[in-house]
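**Q** Input file: start31.txt. Contents: compact mmCIF, C-alpha atoms.
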# COMPACT_ATOMS: atom_id res chain seq x y z
CA MET A 283 66.46 86.48 137.55
CA GLY A 284 63.26 84.50 137.15
CA ASN A 285 61.02 82.40 139.35
CA HIS A 286 62.92 79.20 138.60
CA GLU A 287 66.22 80.73 139.67
CA ARG A 288 64.61 82.00 142.88
CA LYS A 289 63.41 78.47 143.65
CA HIS A 290 66.98 77.22 143.49
CA ILE A 291 68.21 80.05 145.71
CA ASN A 292 65.43 79.52 148.27
CA ASN A 293 65.79 75.72 148.10
CA ILE A 294 62.13 75.32 147.16
CA LEU A 295 62.55 72.76 144.42
CA SER A 296 59.78 71.64 142.13
CA TYR A 297 60.34 68.92 139.55
CA ALA A 298 62.12 71.19 137.06
CA GLN A 299 64.62 72.32 139.69
CA GLU A 300 65.13 68.75 140.92
CA ILE A 301 66.13 67.74 137.41
CA VAL A 302 68.66 70.57 137.22
CA LYS A 303 70.10 69.61 140.60
CA VAL A 304 70.61 66.02 139.45
CA GLN A 305 72.08 67.15 136.13
CA LEU A 306 74.65 69.44 137.74
CA GLY A 307 75.65 67.03 140.50
CA HIS A 308 78.60 68.32 142.54
CA GLU A 309 78.57 71.60 140.59
CA TYR A 310 75.08 72.49 141.83
CA ASP A 311 76.19 74.59 144.82
CA GLU A 312 78.46 76.64 142.60
CA PHE A 313 75.55 77.11 140.21
CA VAL A 314 73.31 78.43 143.02
CA ASP A 315 76.03 80.85 144.13
CA TRP A 316 76.17 82.16 140.57
CA LEU A 317 72.40 82.59 140.45
CA LYS A 318 72.53 84.82 143.51
CA LYS A 319 74.52 87.34 141.49
CA LEU A 320 71.93 87.70 138.74
CA ASP A 321 70.02 90.95 138.28
CA TYR A 322 66.24 91.16 138.32
CA TYR A 323 66.15 93.38 135.25
CA TYR A 324 68.39 94.47 132.40
CA GLU A 325 68.10 97.94 130.91
CA THR A 326 69.50 99.08 127.58
CA ASP A 327 69.07 102.33 125.68
CA ASP A 328 66.19 100.71 123.84
CA ALA A 329 64.28 98.63 126.37
CA ILE A 330 63.84 97.19 129.85
CA ILE A 331 64.08 93.40 129.96
CA VAL A 332 62.48 91.47 132.82
CA HIS A 333 61.55 87.86 133.33
CA ALA A 334 57.87 88.20 134.13
CA ALA A 335 56.13 91.47 134.97
CA PHE A 336 56.39 95.16 135.74
CA GLU A 337 54.14 97.40 137.83
CA HIS A 338 52.96 100.25 135.63
CA ASP A 339 52.94 102.85 138.44
CA ARG A 340 56.38 102.20 139.96
CA ASP A 341 59.78 103.42 138.85
CA LEU A 342 62.20 100.78 137.66
CA TYR A 343 64.29 100.93 140.82
CA ALA A 344 61.19 100.58 143.03
CA GLN A 345 59.92 97.39 141.41
CA ARG A 346 59.29 94.38 143.62
CA GLU A 347 61.64 91.47 143.00
CA ASP A 348 58.86 88.90 143.29
CA VAL A 349 56.91 90.76 140.59
CA LEU A 350 59.85 91.10 138.21
CA SER A 351 60.71 87.42 138.59
CA GLY A 352 57.18 86.03 138.50
CA SER A 353 57.33 84.17 141.80
CA THR A 354 54.09 82.94 143.36
CA SER A 355 53.94 85.84 145.82
CA GLY A 356 54.45 88.32 143.00
CA GLU A 357 51.71 86.73 140.90
CA ARG A 358 49.25 86.89 143.80
CA TYR A 359 50.19 90.49 144.47
CA LEU A 360 49.42 91.47 140.87
CA GLU A 361 46.14 89.56 140.93
CA LYS A 362 45.02 91.72 143.85
CA LYS A 363 46.36 94.94 142.36
CA TYR A 364 44.76 94.76 138.93
CA VAL A 365 41.17 94.27 137.81
CA PRO A 366 40.34 90.56 137.31
CA GLU A 367 40.99 89.23 133.80
CA THR A 368 43.38 92.10 133.05
CA TYR A 369 47.17 92.09 132.85
CA TRP A 370 49.83 94.55 133.95
CA SER A 371 50.87 95.19 130.35
CA GLU A 372 47.47 96.75 129.65
CA TYR A 373 48.23 99.49 132.17
CA TYR A 374 51.82 100.27 131.26
CA LYS A 375 52.20 103.65 129.52
CA GLY A 376 55.94 104.19 129.96
CA ASP A 377 58.10 105.59 127.19
CA LYS A 378 60.63 102.77 127.30
CA PRO A 379 59.45 99.40 125.93
CA ILE A 380 59.39 96.39 128.25
CA ILE A 381 60.30 92.93 126.99
CA TYR A 382 59.18 90.05 129.19
CA GLY A 383 58.61 86.30 129.24
CA HIS A 384 57.35 83.85 131.88
CA HIS A 385 53.79 83.43 130.57
CA VAL A 386 53.36 81.64 127.25
CA VAL A 387 51.55 84.13 125.01
CA GLY A 388 50.94 81.88 121.99
CA ASP A 389 52.89 81.35 118.79
CA ASN A 390 53.51 85.03 118.16
CA VAL A 391 54.94 87.90 120.16
CA LYS A 392 52.24 89.60 122.23
CA ILE A 393 52.48 93.34 121.68
CA VAL A 394 50.34 95.45 123.98
CA GLY A 395 51.10 99.15 124.01
CA ASN A 396 54.80 99.42 124.69
CA THR A 397 55.24 95.85 126.00
CA TYR A 398 56.46 92.72 124.24
CA GLY A 399 55.70 89.22 125.54
CA ILE A 400 58.15 86.82 123.93
CA ASP A 401 57.54 83.48 125.69
CA THR A 402 56.16 81.47 122.80
CA GLY A 403 56.48 78.03 124.40
CA ALA A 404 59.79 76.82 122.99
CA CYS A 405 60.24 74.10 125.60
CA HIS A 406 56.72 72.76 124.94
CA GLY A 407 57.16 72.46 121.19
CA GLY A 408 56.24 76.04 120.32
CA TYR A 409 58.62 78.72 119.10
CA LEU A 410 61.88 80.16 120.38
CA THR A 411 61.55 83.92 120.02
CA ALA A 412 64.12 86.71 120.15
CA ILE A 413 63.83 90.45 119.65
CA GLU A 414 66.82 92.13 118.04
CA LEU A 415 67.65 95.57 119.39
CA PRO A 416 67.63 98.26 118.18
CA GLY A 417 64.84 98.00 115.68
CA PHE A 418 62.73 95.43 117.53
CA ILE A 419 63.22 92.89 114.78
CA ILE A 420 61.52 89.61 115.70
CA HIS A 421 63.24 86.27 115.05
CA GLN A 422 61.57 82.89 115.60
CA VAL A 423 62.59 79.24 115.31
CA LYS A 424 60.09 76.38 115.62
CA SER A 425 60.94 73.79 118.27
CA LYS A 426 61.38 70.28 116.93
CA LYS A 427 59.50 68.66 119.81
CA ASP A 428 58.16 69.06 123.35
CA TYR A 429 61.50 69.12 125.15
CA TRP A 430 59.96 69.47 128.60
CA GLU A 431 57.90 66.30 128.23
CA GLU A 432 60.99 64.45 127.03
CA GLU A 433 63.17 65.68 129.90
CA GLN A 434 60.56 64.80 132.50
CA LYS A 435 60.52 61.18 131.37
CA LYS A 436 64.28 61.02 130.88
CA TRP A 437 65.12 62.13 134.42
CA GLN A 438 62.27 60.60 136.44
CA ILE A 439 64.26 57.72 137.90
CA GLU A 440 67.33 59.80 138.72
CA VAL A 441 65.21 62.45 140.43
CA LEU A 442 63.45 59.77 142.48
CA LYS A 443 66.79 58.24 143.47
CA SER A 444 67.98 61.64 144.64
CA LYS A 445 65.07 62.03 147.06
CA PRO A 446 66.15 62.04 150.74
CA TRP A 447 64.03 58.98 151.48
CA MET A 448 65.89 58.12 154.68
CA THR A 449 65.34 61.51 156.30
CA MET A 450 61.80 62.15 155.05
CA ASN A 451 59.05 61.43 157.54
CA PHE A 452 56.78 58.52 156.70
CA GLU A 453 53.74 60.71 156.09
CA ALA A 454 55.66 62.69 153.47
CA ILE A 455 56.96 59.48 151.89
CA ASN A 456 53.49 57.95 151.60
CA ASN A 457 52.04 61.19 150.26
CA LEU A 458 54.73 61.33 147.60
CA LEU A 459 54.20 57.69 146.61
CA ASP A 460 50.46 58.33 146.28
CA LYS A 461 51.12 61.49 144.28
CA LEU A 462 53.32 59.60 141.82
CA SER A 463 50.99 56.62 141.42
CA TYR A 464 49.59 58.05 138.15
CA ILE A 465 52.90 57.52 136.30
CA SER A 466 52.66 54.79 133.66
CA ASP A 467 56.37 54.36 132.84
CA PRO A 468 57.21 50.71 133.73
CA ARG A 469 60.64 51.70 135.07
CA VAL A 470 59.13 54.23 137.43
CA ILE A 471 56.37 51.83 138.48
CA ASP A 472 59.00 49.23 139.42
CA TYR A 473 61.08 51.78 141.31
CA LEU A 474 58.09 53.06 143.28
CA LYS A 475 56.97 49.51 144.03
CA ASP A 476 60.42 48.60 145.36
CA THR A 477 60.51 51.80 147.41
CA LYS A 478 57.09 51.12 148.91
CA ASN A 479 58.07 47.56 149.84
CA ARG A 480 61.27 48.84 151.41
CA ILE A 481 59.45 51.50 153.42
CA GLU A 482 56.92 48.97 154.70
CA LYS A 483 59.78 47.00 156.26
CA PHE A 484 60.32 49.89 158.65
CA ASP A 485 57.00 49.03 160.30
CA ASP A 486 58.47 45.62 161.10
CA LEU A 487 61.59 47.34 162.42
CA LEU A 488 59.50 49.52 164.72
CA ALA A 489 57.78 46.44 166.14
CA LEU A 490 61.22 44.93 166.72
CA ILE A 491 62.35 48.14 168.45
CA LYS A 492 59.39 47.88 170.82
CA LEU A 493 60.24 44.26 171.54
CA LYS A 494 63.88 45.13 172.25
CA ILE A 495 62.84 47.91 174.64
CA GLU A 496 60.65 45.44 176.49
CA GLN A 497 63.59 43.03 176.69
CA VAL A 498 65.79 45.74 178.22
CA VAL A 499 63.12 46.41 180.84
CA LYS A 500 62.90 42.71 181.63
CA GLU A 501 66.68 42.40 181.96
CA ILE A 502 66.86 45.35 184.36
CA LEU A 503 64.02 44.00 186.49
CA GLU A 504 65.59 40.55 186.64
CA THR A 505 68.95 41.90 187.76
CA GLU A 506 69.34 41.66 191.52
CA ASP A 507 70.18 44.67 193.67
CA VAL A 508 69.64 47.15 190.82
CA ASP A 509 67.56 50.29 191.13
CA PHE A 510 65.36 50.34 188.02
CA SER A 511 65.14 54.13 187.75
CA LYS A 512 68.85 54.61 188.17
CA GLU A 513 69.67 51.91 185.62
CA ALA A 514 67.01 53.02 183.11
CA ASN A 515 68.27 56.59 183.13
CA LYS A 516 71.58 55.39 181.74
CA TYR A 517 69.86 54.86 178.39
CA SER A 518 69.06 57.63 175.92
CA PHE A 519 65.63 56.07 175.45
CA SER A 520 64.86 55.90 179.19
CA ARG A 521 61.39 57.43 178.73
CA PHE A 522 60.35 54.37 176.75
CA LEU A 523 61.75 52.05 179.40
CA PHE A 524 59.57 53.69 182.03
CA MET A 525 56.55 53.60 179.75
CA SER A 526 57.15 49.94 178.98
CA ARG A 527 57.51 49.05 182.64
CA SER A 528 54.12 50.67 183.28
CA ASN A 529 52.60 48.81 180.32
CA LYS A 530 51.92 52.14 178.61
CA LEU A 531 54.26 51.83 175.64
CA ASN A 532 52.57 51.27 172.30
CA ILE A 533 53.53 51.47 168.64
CA LYS A 534 51.81 54.84 168.21
CA ASP A 535 54.13 56.39 170.81
CA LEU A 536 57.16 55.11 168.93
CA GLU A 537 55.80 56.21 165.55
CA LYS A 538 55.63 59.82 166.74
CA VAL A 539 59.28 59.86 167.79
CA PHE A 540 60.83 57.60 165.16
CA ASP A 541 59.05 59.10 162.18
CA THR A 542 61.82 58.71 159.59
CA PRO A 543 63.62 55.62 158.27
CA GLU A 544 66.94 57.01 159.51
CA SER A 545 65.70 57.52 163.07
CA ARG A 546 64.49 53.91 163.24
CA ILE A 547 67.80 52.64 161.88
CA ASP A 548 69.68 54.66 164.52
CA MET A 549 67.45 53.37 167.29
CA GLY A 550 67.86 49.84 166.00
CA ARG A 551 71.64 50.15 166.17
CA GLU A 552 71.47 51.50 169.72
CA LEU A 553 69.35 48.53 170.75
CA GLY A 554 71.78 46.08 169.18
CA ILE A 555 69.49 44.89 166.42
CA ASP A 556 71.34 42.79 163.84
CA THR A 557 73.49 45.04 161.64
CA ASP A 558 72.96 42.96 158.50
CA TYR A 559 69.21 43.32 158.91
CA LEU A 560 69.47 47.08 159.33
CA GLU A 561 71.70 47.43 156.27
CA MET A 562 69.32 45.30 154.23
CA ILE A 563 66.33 47.57 154.82
CA GLY A 564 68.33 50.80 154.96
Let's see the structure in the file written out as C-alpha cells.
**A**
Amino acid sequence: MGNHERKHINNILSYAQEIVKVQLGHEYDEFVDWLKKLDYYYETDDAIIVHAAFEHDRDLYAQREDVLSGSTSGERYLEKKYVPETYWSEYYKGDKPIIYGHHVVGDNVKIVGNTYGIDTGACHGGYLTAIELPGFIIHQVKSKKDYWEEEQKKWQIEVLKSKPWMTMNFEAINNLLDKLSYISDPRVIDYLKDTKNRIEKFDDLLALIKLKIEQVVKEILETEDVDFSKEANKYSFSRFLFMSRSNKLNIKDLEKVFDTPESRIDMGRELGIDTDYLEMIG
C-alpha cells in the first residue's frame, strides 16, 4: 500500500488518480475495493518491503500506516521526528534489510546501512529497478521515455470531461480554470475556452431566475382576494418572494444559494424557464 493507493481509498484524487479513474471506467469501484485489501508492508525471510519509509525505533507491527505508505501526514510526521536534512534510513540499525521506494533516489539503488532505496524514476524516463532475493542482486532496465509526461498529455481532455462541472460551485470552477490556464495544448485550450463560455451563461440564467421570481411576486399581488403570505409560502423559494416584494432581493443573494450550475438549472425548471434553453446551457 502506497500513498497513491490511499488517495484512491480516501477519494482524494490528484491528477494521477483522476487518470486511473478514467482509464478503469465502470471497474473503478471494484479496483478501490481491491486496494483496501492491500498490506502496508511485506516481510520475507530476507527483507522487509515497504512503499516509502520506516521508523527506526518502532517494531514492524507498531509502524504508522501513513509513514509506511508515504502519505502527506506521514511525511510531515517524519520531518518533525528527524533532524532537518536527514532521512529515516540514516537512523535504521535493524538486522533485517528494508527495501523501499516512493522517493526517486537517482539512477542507482541508494544503499544506506541496511536499507535499499529502489525508486530510480522509471516513469520519468529513468530506470526500472528490482532487487532479487535472496542475494540482493540488482536488476535495472532503462525506460524508453518519460511515460508520466506522455500519459498526462494523453488523458488531459478525458480527465477534464470527467470533472463534475455541474455540481462544482462556481468559485471552484473558476479556480480550476485559472489553474489550468498555463496548458499550451490546443485541444485543451479549446475545451477550457468552451467550458468557460458555457459557465458564463449561468450568470445570464441567474439574472433570468431573478426576473422570474419578480414576475411571480407581481402575479400574486395582482390576483384579487389572495393573501400574499399564504400564497407565497406555497413555493419552495418563498423566502425570495418575500425579499423581492420588499425590494431586497439582489443577485448576490441568489449567488450564495444557487452556487452550482445544477442548482441554477433546477431552480430554472421550477420557475418554468424554457426547457430547451436550460438543456442548451446544461
**Q** Taking 5 positions as the minimum chain separation for residues in the same chain, which residues sit within 12 Å of region 306-308 of chain A when counting only C-alpha atoms? Answer as a list in words.
**A** Gln299, Glu300, Ile301, Phe313, Val314, Glu440, Val441 and Ser444 of chain A
**Q** For Tyr369 (chain A), which residue out of A:Ser520, A:Gln345, A:Thr397, A:Gln497 is the nearest one, using all atoms listed in the file?
**A**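 Of the candidates, the smallest distance to Tyr369 (chain A) is held by A:Thr397.
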**Q** Select all residues near (62.8, 52.4, 161.9) (cut-off 12 Å, inclusive, file coordinates), counting all atoms listed in the file, and output them as a PDB file with C-alpha atoms, keeping the file's coordinate frame.
**A**
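Output saved as result01.pdb:
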ATOM      1  CA  MET A 448      65.890  58.120 154.680  1.00  0.00           C
ATOM      2  CA  THR A 449      65.340  61.510 156.300  1.00  0.00           C
ATOM      3  CA  MET A 450      61.800  62.150 155.050  1.00  0.00           C
ATOM      4  CA  ASN A 451      59.050  61.430 157.540  1.00  0.00           C
ATOM      5  CA  PHE A 452      56.780  58.520 156.700  1.00  0.00           C
ATOM      6  CA  ARG A 480      61.270  48.840 151.410  1.00  0.00           C
ATOM      7  CA  ILE A 481      59.450  51.500 153.420  1.00  0.00           C
ATOM      8  CA  GLU A 482      56.920  48.970 154.700  1.00  0.00           C
ATOM      9  CA  LYS A 483      59.780  47.000 156.260  1.00  0.00           C
ATOM     10  CA  PHE A 484      60.320  49.890 158.650  1.00  0.00           C
ATOM     11  CA  ASP A 485      57.000  49.030 160.300  1.00  0.00           C
ATOM     12  CA  ASP A 486      58.470  45.620 161.100  1.00  0.00           C
ATOM     13  CA  LEU A 487      61.590  47.340 162.420  1.00  0.00           C
ATOM     14  CA  LEU A 488      59.500  49.520 164.720  1.00  0.00           C
ATOM     15  CA  ALA A 489      57.780  46.440 166.140  1.00  0.00           C
ATOM     16  CA  LEU A 490      61.220  44.930 166.720  1.00  0.00           C
ATOM     17  CA  ILE A 491      62.350  48.140 168.450  1.00  0.00           C
ATOM     18  CA  LYS A 492      59.390  47.880 170.820  1.00  0.00           C
ATOM     19  CA  ILE A 533      53.530  51.470 168.640  1.00  0.00           C
ATOM     20  CA  LEU A 536      57.160  55.110 168.930  1.00  0.00           C
ATOM     21  CA  GLU A 537      55.800  56.210 165.550  1.00  0.00           C
ATOM     22  CA  LYS A 538      55.630  59.820 166.740  1.00  0.00           C
ATOM     23  CA  VAL A 539      59.280  59.860 167.790  1.00  0.00           C
ATOM     24  CA  PHE A 540      60.830  57.600 165.160  1.00  0.00           C
ATOM     25  CA  ASP A 541      59.050  59.100 162.180  1.00  0.00           C
ATOM     26  CA  THR A 542      61.820  58.710 159.590  1.00  0.00           C
ATOM     27  CA  PRO A 543      63.620  55.620 158.270  1.00  0.00           C
ATOM     28  CA  GLU A 544      66.940  57.010 159.510  1.00  0.00           C
ATOM     29  CA  SER A 545      65.700  57.520 163.070  1.00  0.00           C
ATOM     30  CA  ARG A 546      64.490  53.910 163.240  1.00  0.00           C
ATOM     31  CA  ILE A 547      67.800  52.640 161.880  1.00  0.00           C
ATOM     32  CA  ASP A 548      69.680  54.660 164.520  1.00  0.00           C
ATOM     33  CA  MET A 549      67.450  53.370 167.290  1.00  0.00           C
ATOM     34  CA  GLY A 550      67.860  49.840 166.000  1.00  0.00           C
ATOM     35  CA  ARG A 551      71.640  50.150 166.170  1.00  0.00           C
ATOM     36  CA  GLU A 552      71.470  51.500 169.720  1.00  0.00           C
ATOM     37  CA  LEU A 553      69.350  48.530 170.750  1.00  0.00           C
ATOM     38  CA  ILE A 555      69.490  44.890 166.420  1.00  0.00           C
ATOM     39  CA  TYR A 559      69.210  43.320 158.910  1.00  0.00           C
ATOM     40  CA  LEU A 560      69.470  47.080 159.330  1.00  0.00           C
ATOM     41  CA  GLU A 561      71.700  47.430 156.270  1.00  0.00           C
ATOM     42  CA  ILE A 563      66.330  47.570 154.820  1.00  0.00           C
ATOM     43  CA  GLY A 564      68.330  50.800 154.960  1.00  0.00           C
TER      44      GLY A 564
END
**Q** Env of region 425-436 of chain A: 6 Å cut, atoms = all atoms listed in the file, seq-sep filter 5 positions within chain, self excluded. Answer as an MDAnalysis selection string.
**A** chainID A and resid 404:409
**Q** Would you compute the distance between CA of Phe336 (chain A) and CA of Val349 (chain A)? Give it in Å to one decimal.
**A** 6.6 Å
**Q** In Å to one decimal, how far is CA of Asn479 (chain A) from CA of Ile495 (chain A)?
**A**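 Separation of CA of Ile495 (chain A) and CA of Asn479 (chain A): 25.3 Å.
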**Q** Counting all atoms listed in the file, which residue out of A:Val394, A:Ile294, A:Leu459, A:Ile465 sits closest to Lys375 (chain A)?
**A**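 Ranking A:Val394, A:Ile294, A:Leu459, A:Ile465 by distance to Lys375 (chain A), first place goes to A:Val394.
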**Q** Just give me the gap between CA of Pro416 (chain A) and CA of Asp328 (chain A) in Å, one decimal is fine.
**A**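 Those two atoms sit 6.3 Å apart.
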**Q** Counting only C-alpha atoms, which of A:Asp341, A:Ile331, A:Gln438, A:Met283 gets nearest to Ala412 (chain A)?
**A**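 Checking each candidate against Ala412 (chain A), we get A:Ile331 as the closest.
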**Q** Of the candidates A:Thr557, A:Asn390, A:Asn396, A:Ser351, which shows the shortest atom-to-atom distance to Gly376 (chain A), using only C-alpha atoms?
**A**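 Looking only at the distances to Gly376 (chain A), the closest residue turns out to be A:Asn396.
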**Q** Report as a count of residues only all protein, DNA and RNA residues lying within 10 Å of region 398-403 of chain A, evaluated on all atoms listed in the file, omitting residues in the same chain fewer than 6 positions from it.
**A** 30
**Q** In the coordinate frame of the file, compute which residues have an atom within 12 Å of (60.0, 78.1, 145.6) when using all atoms listed in the file, and state them as a list of chain:residue names.
**A**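 I get A:Gly284, A:Asn285, A:His286, A:Glu287, A:Arg288, A:Lys289, A:His290, A:Ile291, A:Asn292, A:Asn293, A:Ile294, A:Leu295, A:Ser296, A:Tyr297, A:Ala298, A:Gln299, A:Glu300, A:Asp348, A:Ser351, A:Gly352, A:Ser353, A:Thr354, A:Ser355, A:Gly356 for the residues within 12 Å of that point.
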**Q** Restricting the calculation to all atoms listed in the file, which member of A:Ile471, A:Val304, A:Leu523, A:Ala514 is positioned closest to Lys494 (chain A)?
**A** A:Leu523
**Q** Just checking: using all atoms listed in the file, which residue out of A:Ile455, A:Met525, A:Met562, A:Leu415 ends up closest to Asp327 (chain A)?
**A**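 Closest residue, counting all atoms listed in the file: A:Leu415.
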